[in-house]
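Notes for the one structure printed next.
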Amino acid sequence: MQKNTLFLLIFLILVWGINWPLSKIALDYAPPILFAGLRALIGGVLLVLVALPKAKQLRLRQAWPIYLTSALLSIVIYYGVQTIGLQYTPAGLFSAIVFLQPVLLGLFSWLWLGEAMTKQKMLGLIVGFAGVATMSAGGFTGDVSAVGIILALVTALSWALGTAYVKKIGPKVDSTWLTAMQITIGGVILLLAGSGMEDWSKIQWNGTFIWDTLFIAVFVIAAGWFVYFKLISEGEASKIGSFTFLIPIVSIFSSVLFLNEQVTINLVAGLILVLASIVLVNVRFQRRRASALPAVPEGHEGPGAR
């Protein structure tokens with residue numbers, strides 16, 4: 001792995017990991033949908049400013065369906081459904097289901113993107129999901145709602161589909177404009193939805209909320225999604241996806257730091273499984289006799305690919 005790629009991965013894992021406790025703090029001062037829309041819109045506008053020197057590559061008339069589809073999958077459904085679903089299901093269970101995403105992404109990358117799917121890679125993805133589930137086992141308490149479980153599955157599915165979609169159509173649009181437009185459009189849609197469902201007067205515009213929101217908008221939303229899609233476009237989506245299993249680990253440790261939550265045996269066991277998962281997905285042990293499911297050739301995608 002190149003040093004630049006490693007640096008970007010570390011950055012992404014850190015900022016997306018600390019996003020969870022920071023978002024939890026911010027939600028003490030604002031309704032969830034309005035907060036999701038605010039942070040997305042601010043991050044999107046910042047990326048639009050960055051992309052302005054390449055204004056000719058926006059190609060809004062031709063590319064708007066791509067921008068809108070990506071916004072719905074990666075921003076509106078992902079953040080909107082996630083925020084609502086956490087109100088129905090214990091956080092640990094919800095998190096474990098959402099991080100089914102790398103497993104789904106591995107399957108979609110094989111079916112739609114032509115990436116090889118070895119038995120070892122699939123095992124690694126499953127082990128990684130088991131690690132996240134183990135770390136989250138402490139949250140499998142309280143009332144479990146079928147609605148909450150369904151919303152968690154929808155969240156994981158939208159994230160995986162959005163990532164696979166961006167990887168698939170990436171060469172057709174400028175990457176900076178794609179990231180900027182999907183976040184901006186998603187932010188506008190979330191704000192409109194939040195305005196219809198929630199009360200703006202319930203936002204407490206204090207220093208904690210403002211600085212928290214700005215940090216998330218700049219580093220988690222704008223920089224984070226740009227780095228994520230850059231990594232996806234330049235490497236195998238399933239391999240990059242496997243590293244997202246580390247995000248809950250950062251989230252839990254930062255929650256210990258900021259929210260005084262406790263480290264458990266489940267966390268240590270889950271960490272071991274996650275590290276094993278990343279090794280299985282990214283290191284090929286059997287070079288001569290690698291058992292693999294063949295990549296699905298272009299034009300012969302699996303059922304439901306179109």
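So you can find residues: chains in the structure tokens are A, B, ... in the order shown, residues in each start at 1, and ligands are numbered from 1 in order.
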Polymer residues at most 7 Å from A:Ala36, only C-alpha atoms, same-chain spacing of 4 or more positions, as a list in words:
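Contacts, in chain order: Pro32, Ala40, Tyr79 and Leu190 of chain A.
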Residues near A:Phe219, cut-off 9 Å, only C-alpha atoms, skip fewer than 6 positions along chain, as a PyMOL selection string:
chain A and resi 12+15-16+43+225
Of A:Ile169, A:Met122, A:Ile185, A:Ile149, the one sitting nearest A:Val81 when using only C-alpha atoms is A:Ile149
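Rounded to one decimal, atom CA of A:Thr83 and atom CA of A:Ser109 lie 26.6 Å from each other.
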Selected residue of minimal separation from A:Val274 among A:Leu257, A:Ala152, A:Arg61, A:Thr244, counting only C-alpha atoms:
A:Thr244
Could you tell me which of A:Val279, A:Ile216, A:Lys202, A:Phe245 comes closest to A:Pro21 if we count only C-alpha atoms?
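Of A:Val279, A:Ile216, A:Lys202, A:Phe245, the one nearest A:Pro21, counting only C-alpha atoms, is A:Ile216.
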Given only C-alpha atoms as the basis, pick out the residue of A:Val98, A:Ala223, A:Leu58, A:Ile18 nearest to A:Thr155.
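Ranking A:Val98, A:Ala223, A:Leu58, A:Ile18 by distance to A:Thr155, first place goes to A:Val98.
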Report the distance between atom CA of A:Leu14 and atom CA of A:Thr213 in Å, rounded to one decimal place.
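If I compute the distance from atom CA of A:Leu14 to atom CA of A:Thr213, I get 16.7 Å.
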Leaving out A:Arg39 and any residue of its chain fewer than 6 positions from it, which residues lie within 10 Å of it when counting only C-alpha atoms, given as a PyMOL selection string?
chain A and resi 183-184+187+191+212-218+220-222
Which is closest to A:Leu151 among A:Val281, A:Val250, A:Ile77, A:Ala30, if we use only C-alpha atoms?
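Between A:Val281, A:Val250, A:Ile77, A:Ala30, the residue approaching A:Leu151 most closely is A:Ile77.
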My list of candidates is A:Leu52, A:Ala63, A:Val76, A:Leu161. Which is closest to A:Leu107 when distances are computed with only C-alpha atoms?
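For A:Leu107, the nearest of the given residues is A:Leu161.
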